[in-house]
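Colleague: As input, take start_9.tsv (TSV, C-alpha atoms):
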chain	number	residue	atom	x	y	z
A	1	MET	CA	-124.93	45.77	35.96
A	2	PRO	CA	-122.11	44.16	37.99
A	3	HIS	CA	-118.83	46.03	37.99
A	4	THR	CA	-116.11	43.91	36.37
A	5	THR	CA	-112.62	44.46	35.10
A	6	SER	CA	-111.62	42.06	32.33
A	7	PHE	CA	-108.99	39.45	33.16
A	8	ALA	CA	-105.43	39.72	31.88
A	9	ARG	CA	-104.42	36.33	30.54
A	10	ASN	CA	-100.88	35.18	29.75
A	11	GLN	CA	-99.76	36.31	33.17
A	12	TRP	CA	-98.52	34.74	36.41
A	13	TYR	CA	-100.84	34.81	39.41
A	14	VAL	CA	-100.40	33.81	43.04
A	15	ALA	CA	-102.67	30.82	43.57
A	16	ALA	CA	-101.70	29.90	47.11
A	17	TYR	CA	-99.18	30.16	49.88
A	18	SER	CA	-96.59	27.37	49.87
A	19	HIS	CA	-97.95	25.97	53.12
A	20	GLU	CA	-101.43	25.59	51.61
A	21	VAL	CA	-100.29	23.15	48.94
A	22	GLY	CA	-99.50	19.67	50.23
A	23	ARG	CA	-100.49	16.01	50.06
A	24	GLU	CA	-102.96	15.67	52.90
A	25	GLU	CA	-105.53	18.00	51.41
A	26	LEU	CA	-106.18	18.73	47.76
A	27	LEU	CA	-106.48	22.50	47.31
A	28	GLY	CA	-109.16	23.83	44.97
A	29	ARG	CA	-108.89	27.44	43.78
A	30	THR	CA	-110.55	29.23	40.88
A	31	ILE	CA	-108.19	31.62	39.09
A	32	LEU	CA	-109.46	33.89	36.30
A	33	GLY	CA	-112.56	31.74	36.12
A	34	GLU	CA	-110.57	28.52	35.72
A	35	PRO	CA	-111.11	25.92	38.46
A	36	LEU	CA	-107.77	24.39	39.46
A	37	VAL	CA	-106.61	21.70	41.87
A	38	PHE	CA	-103.19	21.89	43.55
A	39	TYR	CA	-101.07	19.23	45.24
A	40	ARG	CA	-97.42	18.22	45.64
A	41	THR	CA	-95.51	15.28	44.20
A	42	GLU	CA	-94.41	12.61	46.66
A	43	GLU	CA	-90.63	12.59	46.17
A	44	GLU	CA	-89.69	16.10	45.08
A	45	GLY	CA	-92.57	17.97	46.68
A	46	THR	CA	-93.07	19.89	43.44
A	47	PRO	CA	-96.41	21.72	43.22
A	48	VAL	CA	-98.79	20.51	40.50
A	49	ALA	CA	-101.78	22.40	39.07
A	50	LEU	CA	-104.43	20.63	37.02
A	51	ALA	CA	-107.88	21.61	35.78
A	52	ASP	CA	-110.21	20.75	38.63
A	53	ARG	CA	-112.88	18.94	36.61
A	54	CYS	CA	-112.82	15.26	35.76
A	55	VAL	CA	-113.29	14.72	32.01
A	56	HIS	CA	-115.93	12.10	32.75
A	57	ARG	CA	-118.77	13.92	34.56
A	58	ARG	CA	-116.99	17.14	35.58
A	59	PHE	CA	-116.72	16.18	39.25
A	60	PRO	CA	-114.27	18.56	41.01
A	61	LEU	CA	-111.06	16.60	41.46
A	62	HIS	CA	-110.19	18.34	44.73
A	63	GLU	CA	-113.43	17.22	46.42
A	64	LYS	CA	-113.51	14.28	48.78
A	65	PRO	CA	-113.37	11.38	48.52
A	66	GLY	CA	-110.91	12.31	45.75
A	67	ARG	CA	-107.34	11.50	46.79
A	68	LEU	CA	-103.73	11.10	45.72
A	69	ASP	CA	-102.25	7.77	44.70
A	70	GLY	CA	-98.52	8.52	44.62
A	71	ASP	CA	-98.22	11.43	42.21
A	72	ARG	CA	-101.56	10.63	40.59
A	73	ILE	CA	-104.88	12.16	41.46
A	74	VAL	CA	-107.93	9.92	41.70
A	75	CYS	CA	-111.38	11.39	41.06
A	76	GLY	CA	-113.69	10.89	44.03
A	77	TYR	CA	-116.68	10.01	41.85
A	78	HIS	CA	-115.68	7.11	39.53
A	79	GLY	CA	-111.95	6.81	40.05
A	80	PHE	CA	-110.66	8.35	36.83
A	81	THR	CA	-106.95	8.79	37.56
A	82	TYR	CA	-104.60	11.44	36.16
A	83	ASP	CA	-100.83	11.87	36.23
A	84	THR	CA	-99.05	15.18	36.88
A	85	THR	CA	-99.33	16.15	33.20
A	86	GLY	CA	-103.11	15.74	33.33
A	87	THR	CA	-103.09	12.59	31.22
A	88	CYS	CA	-105.70	10.06	32.28
A	89	VAL	CA	-103.93	6.81	33.14
A	90	TYR	CA	-106.84	4.77	34.49
A	91	VAL	CA	-110.58	4.52	33.91
A	92	PRO	CA	-112.77	2.01	35.73
A	93	GLY	CA	-113.76	-1.31	34.19
A	94	GLN	CA	-111.95	-1.15	30.86
A	95	LYS	CA	-108.46	-1.22	29.41
A	96	ARG	CA	-108.95	1.34	26.65
A	97	ILE	CA	-108.49	4.89	27.83
A	98	PRO	CA	-110.10	7.36	25.43
A	99	ARG	CA	-107.53	9.55	23.70
A	100	THR	CA	-109.33	12.70	24.83
A	101	ALA	CA	-109.17	11.70	28.47
A	102	ARG	CA	-106.92	14.45	29.73
A	103	VAL	CA	-107.25	17.52	31.90
A	104	ALA	CA	-105.20	20.65	31.33
A	105	SER	CA	-102.05	21.06	33.37
A	106	TYR	CA	-100.80	24.53	34.26
A	107	PRO	CA	-97.25	25.88	34.59
A	108	VAL	CA	-96.49	26.36	38.29
A	109	VAL	CA	-93.55	28.02	40.02
A	110	GLU	CA	-92.89	28.17	43.74
A	111	LEU	CA	-91.01	31.31	44.72
A	112	ASP	CA	-90.67	33.34	47.91
A	113	SER	CA	-93.17	31.10	49.73
A	114	LEU	CA	-95.79	31.74	47.05
A	115	VAL	CA	-97.20	29.30	44.50
A	116	TRP	CA	-97.55	31.07	41.17
A	117	VAL	CA	-99.64	29.69	38.30
A	118	TRP	CA	-99.60	30.78	34.67
A	119	ILE	CA	-103.01	31.43	33.19
A	120	GLY	CA	-102.84	31.51	29.40
A	121	ASP	CA	-100.84	29.84	26.67
A	122	PRO	CA	-98.37	27.51	28.47
A	123	ALA	CA	-95.83	28.03	25.68
A	124	LEU	CA	-95.46	31.66	26.74
A	125	ALA	CA	-94.86	30.98	30.43
A	126	ASP	CA	-91.46	32.38	31.44
A	127	PRO	CA	-90.66	32.03	35.16
A	128	GLN	CA	-88.04	34.78	34.83
A	129	THR	CA	-90.83	37.34	34.54
A	130	ILE	CA	-92.31	36.57	37.96
A	131	PRO	CA	-91.83	39.59	40.24
A	132	ARG	CA	-89.99	38.82	43.47
A	133	ALA	CA	-90.89	39.31	47.11
A	134	ARG	CA	-87.73	37.92	48.70
A	135	HIS	CA	-88.50	39.25	52.17
A	136	LEU	CA	-91.27	36.65	52.49
A	137	ASP	CA	-88.81	33.87	53.19
A	138	ALA	CA	-85.46	35.64	53.58
A	139	PRO	CA	-83.40	35.28	56.76
A	140	GLY	CA	-83.83	38.21	59.13
A	141	TRP	CA	-87.50	38.74	58.31
A	142	THR	CA	-90.66	37.58	60.07
A	143	THR	CA	-93.97	37.47	58.22
A	144	VAL	CA	-97.60	37.23	59.25
A	145	ARG	CA	-100.09	36.45	56.52
A	146	GLY	CA	-103.63	35.56	55.60
A	147	MET	CA	-106.04	35.39	52.68
A	148	GLU	CA	-109.54	36.77	52.38
A	149	PRO	CA	-111.83	36.10	49.44
A	150	ILE	CA	-113.72	39.28	48.54
A	151	ALA	CA	-116.97	39.38	46.60
A	152	ALA	CA	-115.70	42.30	44.56
A	153	ASP	CA	-114.11	42.97	41.21
A	154	TYR	CA	-110.33	42.73	41.47
A	155	GLY	CA	-110.07	46.24	39.98
A	156	LEU	CA	-111.65	47.62	43.15
A	157	LEU	CA	-108.88	46.05	45.26
A	158	VAL	CA	-106.24	47.54	42.93
A	159	ASP	CA	-107.91	50.96	43.31
A	160	ASN	CA	-107.97	50.53	47.08
A	161	LEU	CA	-104.30	49.60	47.41
A	162	LEU	CA	-102.95	52.19	44.97
A	163	ASP	CA	-104.53	55.06	46.90
A	164	LEU	CA	-103.57	54.87	50.55
A	165	SER	CA	-105.28	58.15	51.45
A	166	HIS	CA	-108.22	55.92	52.38
A	167	GLU	CA	-106.21	54.81	55.43
A	168	THR	CA	-107.04	58.10	57.12
A	169	TYR	CA	-110.77	57.42	56.95
A	170	LEU	CA	-111.41	53.68	56.57
A	171	HIS	CA	-108.55	52.64	58.87
A	172	GLY	CA	-108.51	55.58	61.28
A	173	GLY	CA	-107.32	54.46	64.71
A	174	TYR	CA	-105.33	51.59	63.16
A	175	ILE	CA	-102.93	52.60	60.38
A	176	GLY	CA	-104.54	55.88	59.32
A	177	THR	CA	-103.59	59.34	60.55
A	178	PRO	CA	-104.52	62.74	59.05
A	179	GLU	CA	-101.11	63.11	57.38
A	180	VAL	CA	-101.65	60.19	54.98
A	181	ALA	CA	-104.52	61.87	53.17
A	182	GLU	CA	-102.88	65.29	53.39
A	183	THR	CA	-99.48	64.42	51.95
A	184	PRO	CA	-98.95	64.74	48.18
A	185	ILE	CA	-97.83	61.68	46.24
A	186	THR	CA	-95.33	61.05	43.49
A	187	THR	CA	-96.36	58.60	40.78
A	188	GLU	CA	-94.06	56.81	38.37
A	189	VAL	CA	-94.96	54.34	35.67
A	190	ASP	CA	-92.48	52.00	34.02
A	191	GLU	CA	-94.48	51.29	30.93
A	192	GLY	CA	-92.67	48.27	29.52
A	193	ALA	CA	-92.21	46.54	32.86
A	194	GLY	CA	-95.83	47.17	33.85
A	195	ILE	CA	-94.87	48.71	37.19
A	196	VAL	CA	-96.62	51.58	38.94
A	197	ARG	CA	-94.79	53.30	41.80
A	198	VAL	CA	-96.56	55.63	44.20
A	199	SER	CA	-94.60	57.32	46.97
A	200	ARG	CA	-95.80	59.30	49.92
A	201	HIS	CA	-93.15	60.61	52.31
A	202	MET	CA	-94.42	62.16	55.53
A	203	ASP	CA	-91.67	64.00	57.40
A	204	ASP	CA	-93.59	64.76	60.56
A	205	ALA	CA	-96.64	62.63	61.21
A	206	ALA	CA	-98.62	61.17	64.05
A	207	CYS	CA	-97.65	57.58	64.79
A	208	PRO	CA	-100.67	55.35	64.18
A	209	PRO	CA	-101.49	52.90	67.00
A	210	PHE	CA	-100.55	49.97	64.71
A	211	TYR	CA	-96.93	51.15	64.70
A	212	ALA	CA	-96.78	52.92	68.09
A	213	LYS	CA	-97.66	49.73	69.95
A	214	SER	CA	-95.54	47.41	67.84
A	215	THR	CA	-92.36	49.51	67.55
A	216	GLY	CA	-92.54	51.31	70.87
A	217	ILE	CA	-91.88	54.67	69.19
A	218	GLU	CA	-93.31	57.51	71.23
A	219	GLY	CA	-94.11	60.84	69.67
A	220	ARG	CA	-94.15	61.91	66.07
A	221	ILE	CA	-92.58	60.01	63.23
A	222	THR	CA	-91.10	60.16	59.79
A	223	ARG	CA	-93.27	57.82	57.73
A	224	TRP	CA	-92.47	56.70	54.20
A	225	GLN	CA	-94.80	54.65	52.03
A	226	ASP	CA	-93.37	53.49	48.72
A	227	ILE	CA	-95.72	51.38	46.64
A	228	GLU	CA	-94.49	49.16	43.83
A	229	TYR	CA	-97.33	47.51	41.93
A	230	HIS	CA	-96.25	44.83	39.49
A	231	ALA	CA	-99.39	44.48	37.42
A	232	PRO	CA	-101.48	42.46	37.48
A	233	CYS	CA	-100.88	40.48	40.68
A	234	LEU	CA	-98.11	41.58	43.02
A	235	TYR	CA	-98.29	44.68	45.19
A	236	LEU	CA	-95.42	45.71	47.44
A	237	LEU	CA	-95.61	48.51	49.98
A	238	HIS	CA	-92.23	49.40	51.40
A	239	SER	CA	-92.96	51.10	54.70
A	240	ARG	CA	-90.36	52.91	56.78
A	241	ILE	CA	-91.13	54.33	60.20
A	242	ALA	CA	-88.64	56.27	62.32
A	243	PRO	CA	-88.75	58.92	65.03
A	244	ALA	CA	-89.39	62.30	63.34
A	245	GLY	CA	-86.25	63.59	61.66
A	246	VAL	CA	-84.36	60.29	61.69
A	247	VAL	CA	-83.30	59.41	58.16
A	248	PRO	CA	-81.03	56.69	56.73
A	249	GLU	CA	-77.28	57.15	57.07
A	250	ALA	CA	-75.16	58.47	54.19
A	251	ASP	CA	-73.86	54.94	53.51
A	252	GLY	CA	-77.42	53.68	53.03
A	253	SER	CA	-77.66	51.85	56.35
A	254	ASP	CA	-80.69	52.66	58.42
A	255	PRO	CA	-80.29	51.64	62.06
A	256	GLY	CA	-82.93	54.14	63.22
A	257	GLY	CA	-85.67	52.94	60.86
A	258	PHE	CA	-88.29	50.24	61.26
A	259	HIS	CA	-88.85	48.53	57.91
A	260	THR	CA	-92.08	46.75	57.18
A	261	GLU	CA	-92.84	45.15	53.84
A	262	ILE	CA	-96.56	44.90	53.19
A	263	THR	CA	-97.22	42.50	50.35
A	264	TYR	CA	-100.48	41.77	48.59
A	265	ALA	CA	-101.26	39.30	45.86
A	266	ILE	CA	-104.37	40.39	44.00
A	267	THR	CA	-105.66	37.29	42.25
A	268	PRO	CA	-108.91	37.49	40.29
A	269	SER	CA	-111.00	34.41	40.97
A	270	ALA	CA	-114.13	34.94	38.92
A	271	ASP	CA	-116.11	37.94	37.72
A	272	GLY	CA	-116.74	40.00	40.85
A	273	GLN	CA	-114.57	37.72	43.03
A	274	VAL	CA	-110.98	38.24	44.12
A	275	TYR	CA	-108.54	36.51	46.45
A	276	ASP	CA	-106.86	39.03	48.74
A	277	PHE	CA	-103.55	37.50	49.89
A	278	TRP	CA	-102.02	39.79	52.53
A	279	MET	CA	-98.62	39.58	54.17
A	280	VAL	CA	-96.78	41.81	56.63
A	281	SER	CA	-93.02	41.24	56.98
A	282	ARG	CA	-90.66	43.04	59.35
A	283	ASP	CA	-86.94	43.16	60.01
A	284	TRP	CA	-87.34	44.33	63.62
A	285	ALA	CA	-88.38	42.46	66.76
A	286	THR	CA	-88.38	39.39	64.56
A	287	GLU	CA	-88.38	36.97	67.50
A	288	ASP	CA	-90.98	38.82	69.56
A	289	GLU	CA	-94.11	36.68	69.60
A	290	GLU	CA	-96.15	39.44	71.17
A	291	VAL	CA	-95.36	41.78	68.27
A	292	THR	CA	-96.11	38.98	65.81
A	293	GLY	CA	-99.51	38.35	67.39
A	294	PHE	CA	-100.30	42.05	67.56
A	295	LEU	CA	-99.42	42.64	63.90
A	296	ARG	CA	-101.36	39.55	62.80
A	297	ASP	CA	-104.53	40.53	64.68
A	298	ASN	CA	-104.38	44.21	63.83
A	299	ASN	CA	-103.59	43.70	60.18
A	300	HIS	CA	-106.39	41.18	59.91
A	301	THR	CA	-108.73	43.80	61.34
A	302	VAL	CA	-107.47	46.36	58.80
A	303	VAL	CA	-107.87	43.88	55.92
A	304	MET	CA	-111.42	43.08	57.03
A	305	GLN	CA	-112.23	46.82	57.01
A	306	ASP	CA	-111.22	46.80	53.33
A	307	VAL	CA	-113.09	43.54	52.67
A	308	ASP	CA	-116.32	44.94	54.14
A	309	ALA	CA	-115.93	48.19	52.21
A	310	LEU	CA	-115.25	46.45	48.89
A	311	ASN	CA	-118.09	43.94	49.35
A	312	LEU	CA	-120.39	46.91	49.90
A	313	LEU	CA	-118.92	48.88	47.00
A	314	GLN	CA	-119.36	45.97	44.60
A	315	LYS	CA	-123.02	45.62	45.61
A	316	THR	CA	-123.53	49.35	45.30
A	317	LEU	CA	-121.95	49.59	41.85
A	318	GLY	CA	-124.04	46.61	40.77
A	319	SER	CA	-127.20	48.60	41.44
A	320	GLU	CA	-126.03	51.68	39.54
A	321	ARG	CA	-127.43	52.55	36.17
A	322	THR	CA	-125.23	51.90	33.17
A	323	GLY	CA	-122.94	54.82	32.41
A	324	TYR	CA	-122.65	56.15	35.95
A	325	GLN	CA	-119.98	58.76	36.51
A	326	GLU	CA	-117.10	58.79	38.94
A	327	LEU	CA	-114.72	61.59	39.79
A	328	SER	CA	-110.95	61.33	40.07
A	329	ILE	CA	-108.71	63.79	41.92
A	330	ASN	CA	-104.98	64.04	42.62
A	331	ILE	CA	-104.94	61.12	45.06
A	332	ASP	CA	-106.06	58.86	42.19
A	333	THR	CA	-103.06	59.52	39.94
A	334	GLY	CA	-101.51	56.12	40.74
A	335	GLY	CA	-104.79	54.23	40.63
A	336	LEU	CA	-105.57	55.61	37.20
A	337	ALA	CA	-102.13	54.52	36.00
A	338	ALA	CA	-102.76	51.00	37.31
A	339	ARG	CA	-106.13	50.80	35.57
A	340	ARG	CA	-104.54	51.76	32.28
A	341	ILE	CA	-101.71	49.24	32.60
A	342	LEU	CA	-104.26	46.55	33.41
A	343	ALA	CA	-106.31	47.50	30.36
A	344	ARG	CA	-103.20	47.10	28.21
A	345	LEU	CA	-102.37	43.72	29.72
A	346	VAL	CA	-105.96	42.57	29.16
A	347	GLU	CA	-105.72	43.59	25.53
A	348	GLU	CA	-102.36	41.89	25.05
A	349	GLY	CA	-103.63	38.72	26.72
A	350	ASP	CA	-106.61	38.58	24.39
A	351	LYS	CA	-104.57	38.81	21.20
A	352	PRO	CA	-104.04	35.60	19.28
A	353	VAL	CA	-100.44	34.54	19.63
A	354	GLU	CA	-98.37	34.75	16.48
A	355	LYS	CA	-96.81	31.36	15.85
A	356	VAL	CA	-93.28	31.20	14.57
A	357	LEU	CA	-93.25	28.79	11.65
B	1	MET	CA	-95.47	41.06	34.99
B	2	SER	CA	-91.91	42.08	35.45
B	3	SER	CA	-89.76	42.07	32.38
B	4	GLY	CA	-87.35	44.56	33.89
B	5	PRO	CA	-87.21	48.31	33.65
B	6	THR	CA	-87.39	49.67	30.16
B	7	GLY	CA	-86.30	53.17	30.87
B	8	GLU	CA	-89.64	54.38	29.55
B	9	ILE	CA	-90.70	56.15	32.73
B	10	TYR	CA	-93.62	58.51	33.14
B	11	ARG	CA	-93.51	60.62	36.30
B	12	ILE	CA	-96.14	62.81	37.92
B	13	ASP	CA	-95.28	64.92	40.95
B	14	TRP	CA	-98.02	66.46	43.02
B	15	LEU	CA	-96.33	69.70	44.00
B	16	PRO	CA	-96.36	70.08	47.81
B	17	GLY	CA	-98.55	72.88	49.10
B	18	THR	CA	-100.50	73.11	45.86
B	19	ASP	CA	-103.15	71.22	43.90
B	20	ILE	CA	-100.87	71.11	40.87
B	21	LEU	CA	-99.66	67.94	39.21
B	22	HIS	CA	-96.41	68.22	37.31
B	23	GLY	CA	-95.82	65.55	34.72
B	24	THR	CA	-92.62	64.50	32.98
B	25	CYS	CA	-92.79	62.18	30.01
B	26	HIS	CA	-90.05	59.67	29.23
B	27	CYS	CA	-89.11	61.94	26.31
B	28	GLY	CA	-88.43	64.81	28.69
B	29	ALA	CA	-91.53	66.86	27.87
B	30	GLU	CA	-93.22	68.48	30.85
B	31	HIS	CA	-96.77	69.53	31.62
B	32	SER	CA	-98.82	70.83	34.53
B	33	ALA	CA	-102.46	70.19	35.30
B	34	GLN	CA	-104.90	70.01	38.18
B	35	ASP	CA	-106.69	66.89	37.03
B	36	PRO	CA	-105.06	63.45	36.88
B	37	VAL	CA	-107.33	62.30	34.03
B	38	GLU	CA	-106.24	65.23	31.89
B	39	MET	CA	-102.63	64.68	32.93
B	40	TRP	CA	-102.64	61.04	31.82
B	41	GLU	CA	-104.34	62.00	28.55
B	42	TRP	CA	-101.52	64.43	27.85
B	43	MET	CA	-98.87	61.95	28.96
B	44	LEU	CA	-100.17	59.10	26.85
B	45	GLY	CA	-100.67	61.37	23.88
B	46	HIS	CA	-96.90	61.08	23.37
B	47	PRO	CA	-95.42	62.14	21.05
B	48	GLU	CA	-98.21	64.56	20.18
B	49	GLY	CA	-97.47	67.89	21.83
B	50	HIS	CA	-94.38	66.46	23.50
B	51	SER	CA	-91.22	68.28	22.74
B	52	PRO	CA	-88.53	68.52	25.40
B	53	ALA	CA	-87.82	72.01	24.20
B	54	ALA	CA	-91.48	73.05	24.28
B	55	PRO	CA	-92.58	75.47	26.98
B	56	ARG	CA	-94.39	73.86	29.88
B	57	GLY	CA	-98.13	73.66	29.22
B	58	ASN	CA	-100.46	74.76	31.92
B	59	SER	CA	-104.14	74.11	31.85
B	60	SER	CA	-104.78	75.41	35.33
Mind turning this structure into structure tokens?

Modeller:
Amino acid sequence: MPHTTSFARNQWYVAAYSHEVGREELLGRTILGEPLVFYRTEEEGTPVALADRCVHRRFPLHEKPGRLDGDRIVCGYHGFTYDTTGTCVYVPGQKRIPRTARVASYPVVELDSLVWVWIGDPALADPQTIPRARHLDAPGWTTVRGMEPIAADYGLLVDNLLDLSHETYLHGGYIGTPEVAETPITTEVDEGAGIVRVSRHMDDAACPPFYAKSTGIEGRITRWQDIEYHAPCLYLLHSRIAPAGVVPEADGSDPGGFHTEITYAITPSADGQVYDFWMVSRDWATEDEEVTGFLRDNNHTVVMQDVDALNLLQKTLGSERTGYQELSINIDTGGLAARRILARLVEEGDKPVEKVL
Amino acid sequence: MSSGPTGEIYRIDWLPGTDILHGTCHCGAEHSAQDPVEMWEWMLGHPEGHSPAAPRGNSS
């Protein structure tokens, strides 16, 4: 029985990085089981998302030799052509275009170097509700990033990221030290906003190699990890590293601290499939290419440790008998909160929308 | 999705040096437990058994 968490519809999801959506290549991504094609308009460069199946014979529109003709997308099989609203404007060999010749178009917003797509009733899409990650393209910050598809239920990735005590074991020698698993957490849930916050403040901890080599800090550190999970998609980890005992100034400035924003977008692709978008942004040594390369390589290694573990876990859970038991302890307080919020969002997304007459 | 803070905040502190979780509901009621599942059940049972004036429960 494969392990699956239901999808929460009527929500915004990160579909791609801005740099992945262009005009040279048509980008195909499946989000919440819906195959989509992404491209940009010629003049404005506005991202467009359409259903990635031609109405004619269901050929994926993003596949070659499909192409763009101005702002229109031409199916690579028989040339059916669609405008940015998904309306078919050309069929081969005849003047009459069937009234039903249209593919769905999806609300898209580009924000903070991320391309967000709304999966659900387009009438409910409100861009104001998209959570922000301004550090991703703000001046004074440098970001390394990547994306790994994982053959695992997206709920397993949420579990993984909400409980960082696994760093000590799965990522030992990289970002994990004994203090992570040993330090108690504080969990806060903002029910209406759908935000889970998990904080772990280590006053006197070993400096993991990931940070020792990149910051140059020698000796023990003060290490703060403040998670902010905006269910269902955006995960922010505010990380602060400083020599042990160095705290922010009374006026709020923090010249002795190294701030790293670790951002994840957790985007369900299909049942048992998730896109793991990972980003590491820093406000220190922003011009240092060596640090950039080190953080990119090391974080990729860390992400792949999670990918391997979750691929294995998904397979393992799939072979379990129905009704297997699991055990939660204190470290899971935040993860349990996230599961519950997701369950509520799933339920809300499944409800028929009440129409105002 | 982010519709802004609502002020309806649930908080659970894992008390340093112990295995005890200390929960505070948005209504002000408090509770202690040693099991996060039980703690969330209590928390989400609001308003049942939640009175800010009530003595702190302890299942441990």

Colleague: So, counting all atoms listed in the file, which residue among A:Leu114, A:Val89, A:Ala285, A:Ala151 is closest to Val21 in chain A?

Modeller: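 Nearest to Val21 in chain A: A:Leu114.
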
Colleague: Considering only C-alpha atoms, can you say which of A:Arg197, A:His62, A:Arg220, A:His300 comes closest to chain B?

Modeller: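 The shortest atom-to-atom distance to chain B comes from A:Arg197.
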
Colleague: So the first atom is CA of Ser328 in chain A and the second is CA of Gly28 in chain B; what is the distance between them in Å, to one decimal place?

Modeller: 25.5 Å

Colleague: Residues within 6 Å of range 234-245 of chain A, please, as an MDAnalysis selection string. Count all atoms listed in the file; anything in the same chain fewer than 3 positions from it doesn't count.

Modeller: chainID A and resid 204 220:230 257:265

Colleague: Between CA of Gln11 in chain A and CA of Ala125 in chain A, what is the distance in Å, rounded to a tenth?

Modeller: 7.7 Å

Colleague: Select residues of chain A: the criterion is any atom within 6 Å of an atom of chain B, counting all atoms listed in the file; output as a list in words.

Modeller: Thr129, Pro131, Pro184, Ile185, Thr186, Thr187, Glu188, Val189, Asp190, Glu191, Gly192, Ala193, His230, Ala231, Asn330 and Thr333 of chain A

Colleague: Counting only C-alpha atoms, select every polymer residue within 12 Å of (-112.1, 42.2, 32.6) as defined in the file's coordinates, and provide the selection as a PyMOL selection string.

Modeller: chain A and resi 2-9+32-33+153-156+232+268-273+339+342-347+349-350

Colleague: Quote the spacing between CA of Met279 in chain A and CA of Tyr174 in chain A in Å to one decimal place.

Modeller: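 It comes out at 16.4 Å.
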
Colleague: Can you pull out every residue within 10 Å of range 35-49 of chain A, counting all atoms listed in the file, but drop anything in the same chain fewer than 4 positions away, and send it as number ranges by chain?

Modeller: A: 15-16, 18, 20-31, 53, 60-63, 68-73, 83-86, 104-110, 115-118, 269-270

Colleague: Set up a box along x, y and z of the file covering all listed atoms of range 87-102 of chain A, add 4 Å on every one of the six sides, and write the centre and edge lengths in Å to one decimal, as JSON.

Modeller:
{"center_x": -108.4, "center_y": 6.6, "center_z": 29.7, "size_x": 18.7, "size_y": 23.8, "size_z": 20.0}

Colleague: Do you know which residues are at most 8 Å from Ser51 in chain B counting only C-alpha atoms, after dropping those on the same chain fewer than 3 positions away, and could you put them as an MDAnalysis selection string?

Modeller: chainID B and resid 27:29 47 54
